[in-house]
$ cat run16.cif   # mmCIF, C-alpha atoms
data_start
loop_
_atom_site.group_PDB
_atom_site.id
_atom_site.type_symbol
_atom_site.label_atom_id
_atom_site.label_comp_id
_atom_site.auth_asym_id
_atom_site.auth_seq_id
_atom_site.Cartn_x
_atom_site.Cartn_y
_atom_site.Cartn_z
ATOM 1 C CA MET A 1 107.418 110.717 74.999
ATOM 2 C CA ASP A 2 105.531 107.888 76.644
ATOM 3 C CA SER A 3 104.028 105.163 74.529
ATOM 4 C CA THR A 4 100.363 104.218 74.644
ATOM 5 C CA ARG A 5 101.207 101.020 76.519
ATOM 6 C CA GLN A 6 103.163 102.935 79.161
ATOM 7 C CA LEU A 7 100.241 105.290 79.672
ATOM 8 C CA ARG A 8 97.723 102.438 79.967
ATOM 9 C CA ILE A 9 99.873 100.604 82.505
ATOM 10 C CA ALA A 10 100.450 103.823 84.455
ATOM 11 C CA ARG A 11 96.684 104.443 84.648
ATOM 12 C CA LEU A 12 96.069 100.842 85.750
ATOM 13 C CA ILE A 13 98.704 101.078 88.483
ATOM 14 C CA GLN A 14 97.391 104.480 89.611
ATOM 15 C CA LYS A 15 93.840 103.153 89.940
ATOM 16 C CA GLU A 16 94.819 99.985 91.794
ATOM 17 C CA LEU A 17 97.253 101.749 94.138
ATOM 18 C CA GLY A 18 94.546 104.295 94.907
ATOM 19 C CA ASP A 19 92.285 101.464 96.047
ATOM 20 C CA ILE A 20 95.113 99.887 98.058
ATOM 21 C CA PHE A 21 95.905 103.173 99.804
ATOM 22 C CA LEU A 22 92.262 103.613 100.817
ATOM 23 C CA THR A 23 92.657 100.668 103.177
ATOM 24 C CA TYR A 24 96.339 101.359 103.925
ATOM 25 C CA ALA A 25 95.578 104.889 105.169
ATOM 26 C CA ARG A 26 93.526 103.433 108.019
ATOM 27 C CA ASN A 27 96.843 102.725 109.759
ATOM 28 C CA PHE A 28 97.406 106.492 109.890
ATOM 29 C CA HIS A 29 94.307 107.930 111.544
ATOM 30 C CA GLY A 30 93.043 111.059 109.811
ATOM 31 C CA THR A 31 95.458 110.805 106.892
ATOM 32 C CA LEU A 32 94.433 110.916 103.244
ATOM 33 C CA ILE A 33 96.784 109.358 100.678
ATOM 34 C CA THR A 34 96.206 110.114 97.004
ATOM 35 C CA VAL A 35 98.138 108.728 94.054
ATOM 36 C CA SER A 36 98.569 111.859 91.961
ATOM 37 C CA GLU A 37 100.708 110.460 89.146
ATOM 38 C CA VAL A 38 102.441 107.278 88.001
ATOM 39 C CA ARG A 39 105.270 107.236 85.477
ATOM 40 C CA VAL A 40 106.400 103.914 84.040
ATOM 41 C CA SER A 41 109.849 103.401 82.519
ATOM 42 C CA SER A 42 110.130 102.472 78.847
ATOM 43 C CA ASP A 43 110.953 98.836 79.661
ATOM 44 C CA LEU A 44 107.960 98.691 82.083
ATOM 45 C CA SER A 45 110.163 97.516 84.959
ATOM 46 C CA ILE A 46 110.049 100.604 87.195
ATOM 47 C CA ALA A 47 107.075 102.716 88.215
ATOM 48 C CA ARG A 48 107.609 106.072 89.887
ATOM 49 C CA VAL A 49 104.564 106.773 92.030
ATOM 50 C CA TYR A 50 103.886 110.323 93.237
ATOM 51 C CA LEU A 51 101.784 110.576 96.391
ATOM 52 C CA SER A 52 99.869 113.525 97.734
ATOM 53 C CA ILE A 53 99.380 113.198 101.493
ATOM 54 C CA PHE A 54 97.053 115.279 103.646
ATOM 55 C CA PRO A 55 97.714 116.668 106.251
ATOM 56 C CA THR A 56 101.098 117.746 104.971
ATOM 57 C CA GLU A 57 102.613 117.772 108.461
ATOM 58 C CA GLN A 58 102.533 113.957 108.475
ATOM 59 C CA ALA A 59 103.618 113.542 104.862
ATOM 60 C CA GLN A 60 107.278 112.778 105.512
ATOM 61 C CA GLY A 61 106.564 110.106 108.141
ATOM 62 C CA VAL A 62 103.864 108.464 106.036
ATOM 63 C CA THR A 63 106.135 108.421 102.974
ATOM 64 C CA GLU A 64 108.914 106.759 104.983
ATOM 65 C CA GLN A 65 106.470 104.127 106.259
ATOM 66 C CA ILE A 66 105.205 103.451 102.736
ATOM 67 C CA ASN A 67 108.780 103.072 101.468
ATOM 68 C CA SER A 68 109.498 100.561 104.220
ATOM 69 C CA ASP A 69 106.347 98.577 103.279
ATOM 70 C CA VAL A 70 107.023 98.660 99.529
ATOM 71 C CA ARG A 71 107.320 94.862 99.248
ATOM 72 C CA SER A 72 103.905 94.200 100.739
ATOM 73 C CA ILE A 73 102.310 96.992 98.671
ATOM 74 C CA ARG A 74 103.860 95.550 95.513
ATOM 75 C CA GLY A 75 102.496 92.128 96.488
ATOM 76 C CA LEU A 76 98.997 93.541 96.922
ATOM 77 C CA LEU A 77 99.311 95.266 93.557
ATOM 78 C CA GLY A 78 100.498 92.035 91.963
ATOM 79 C CA ASN A 79 97.428 90.191 93.237
ATOM 80 C CA ARG A 80 95.170 92.819 91.673
ATOM 81 C CA VAL A 81 96.870 93.089 88.257
ATOM 82 C CA ARG A 82 98.060 89.518 87.768
ATOM 83 C CA HIS A 83 95.795 88.999 84.756
ATOM 84 C CA GLN A 84 96.738 92.298 83.057
ATOM 85 C CA LEU A 85 100.515 92.415 83.602
ATOM 86 C CA ARG A 86 103.123 89.743 83.207
ATOM 87 C CA ILE A 87 105.607 91.423 85.552
ATOM 88 C CA VAL A 88 104.690 93.872 88.291
ATOM 89 C CA PRO A 89 107.067 96.842 88.060
ATOM 90 C CA GLU A 90 109.317 97.871 90.928
ATOM 91 C CA LEU A 91 107.621 100.693 92.838
ATOM 92 C CA ASN A 92 109.405 103.893 93.854
ATOM 93 C CA PHE A 93 107.331 106.285 95.939
ATOM 94 C CA TYR A 94 107.883 110.044 95.955
ATOM 95 C CA LEU A 95 106.126 112.848 97.760
ATOM 96 C CA ASP A 96 104.190 115.103 95.375
ATOM 97 C CA ASP A 97 104.455 118.645 96.707
ATOM 98 C CA THR A 98 102.732 120.506 93.875
ATOM 99 C CA LEU A 99 99.790 121.424 96.125
ATOM 100 C CA ASP A 100 102.162 123.044 98.604
ATOM 101 C CA GLN A 101 103.810 124.979 95.784
ATOM 102 C CA LEU A 102 100.421 126.154 94.505
ATOM 103 C CA GLN A 103 99.424 127.270 97.992
ATOM 104 C CA HIS A 104 102.697 129.166 98.388
ATOM 105 C CA ILE A 105 102.207 130.920 95.022
ATOM 106 C CA ASP A 106 98.640 131.787 95.993
ATOM 107 C CA GLU A 107 99.859 133.298 99.281
ATOM 108 C CA LEU A 108 102.470 135.347 97.407
ATOM 109 C CA LEU A 109 99.847 136.642 94.986
ATOM 110 C CA HIS A 110 97.549 137.726 97.817
ATOM 111 C CA GLU A 111 100.328 139.786 99.460
#
$ encode --input "run16.cif" --output "structure tokens"
Amino acid sequence: MDSTRQLRIARLIQKELGDIFLTYARNFHGTLITVSEVRVSSDLSIARVYLSIFPTEQAQGVTEQINSDVRSIRGLLGNRVRHQLRIVPELNFYLDDTLDQLQHIDELLHE
């Protein structure tokens, strides 16, 4: 069970990363990057960030590029939340494939 502080920090990180990825997605023409969920560890040192990327054909390549740029993204996040957080958590990015699973279930139901 997540504490209230964990949830508040997760929402803050989700909002700020969403704004960062609006400008970051310009590097990938025609790609939309959405931060679907953020989970913060109990000691607030690690944040697991789940990304939804459209179109899904480019999702793997975009995720790899984001993971290679994690230091600069964390720096941008630190500049935005420096007055709210003492320590910026380490960011781990994962591909959120729940939309693909929902689409697959929908296709199965229509058959």
$ closest_atom_pairs --input "run16.cif" --of "stretch 2-45 of chain A" --to "stretch 85-109 of chain A" --cutoff "9 Å" --atoms "all atoms listed in the file" --output "Markdown table"
| residue | atom | partner | partner_atom | distance |
| --- | --- | --- | --- | --- |
| A:Ile9 | CA | A:Leu85 | CA | 8.3 |
| A:Val35 | CA | A:Asp96 | CA | 8.9 |
| A:Ser36 | CA | A:Asp96 | CA | 7.3 |
| A:Glu37 | CA | A:Asp96 | CA | 8.5 |
| A:Val40 | CA | A:Pro89 | CA | 8.2 |
| A:Leu44 | CA | A:Pro89 | CA | 6.3 |
| A:Ser45 | CA | A:Pro89 | CA | 4.4 |
$ write_last_selection --input "run16.cif" --atoms "C-alpha atoms" --output "mmCIF file, in the frame of the given file"
data_model
loop_
_atom_site.group_PDB
_atom_site.id
_atom_site.type_symbol
_atom_site.label_atom_id
_atom_site.label_comp_id
_atom_site.auth_asym_id
_atom_site.auth_seq_id
_atom_site.Cartn_x
_atom_site.Cartn_y
_atom_site.Cartn_z
ATOM 1 C CA ILE A 9 99.873 100.604 82.505
ATOM 2 C CA VAL A 35 98.138 108.728 94.054
ATOM 3 C CA SER A 36 98.569 111.859 91.961
ATOM 4 C CA GLU A 37 100.708 110.460 89.146
ATOM 5 C CA VAL A 40 106.400 103.914 84.040
ATOM 6 C CA LEU A 44 107.960 98.691 82.083
ATOM 7 C CA SER A 45 110.163 97.516 84.959
#
$ atom_distance --input "run16.cif" --atom1 "atom CA of A:Ala59" --atom2 "atom CA of A:Gly78"
25.3 Å
$ closest_residue --input "run16.cif" --among "A:Glu16, A:His29, A:Ala10, A:Leu51" --to "A:Thr63" --atoms "only C-alpha atoms"
A:Leu51
$ closest_residue --input "run16.cif" --among "A:Ala47, A:Thr56, A:Ile13, A:Asn79" --to "A:Thr31" --atoms "only C-alpha atoms"
A:Thr56
$ atom_distance --input "run16.cif" --atom1 "atom CA of A:Thr4" --atom2 "atom CA of A:Ser42"
10.8 Å
$ closest_residue --input "run16.cif" --among "A:Ile53, A:Ile20, A:Ile33, A:Ala25" --to "A:Leu77" --atoms "all atoms listed in the file"
A:Ile20
$ atom_distance --input "run16.cif" --atom1 "atom CA of A:Gln58" --atom2 "atom CA of A:Arg71"
21.7 Å
$ closest_residue --input "run16.cif" --among "A:Arg74, A:Arg5, A:Lys15, A:Arg26" --to "A:Ser41" --atoms "all atoms listed in the file"
A:Arg5
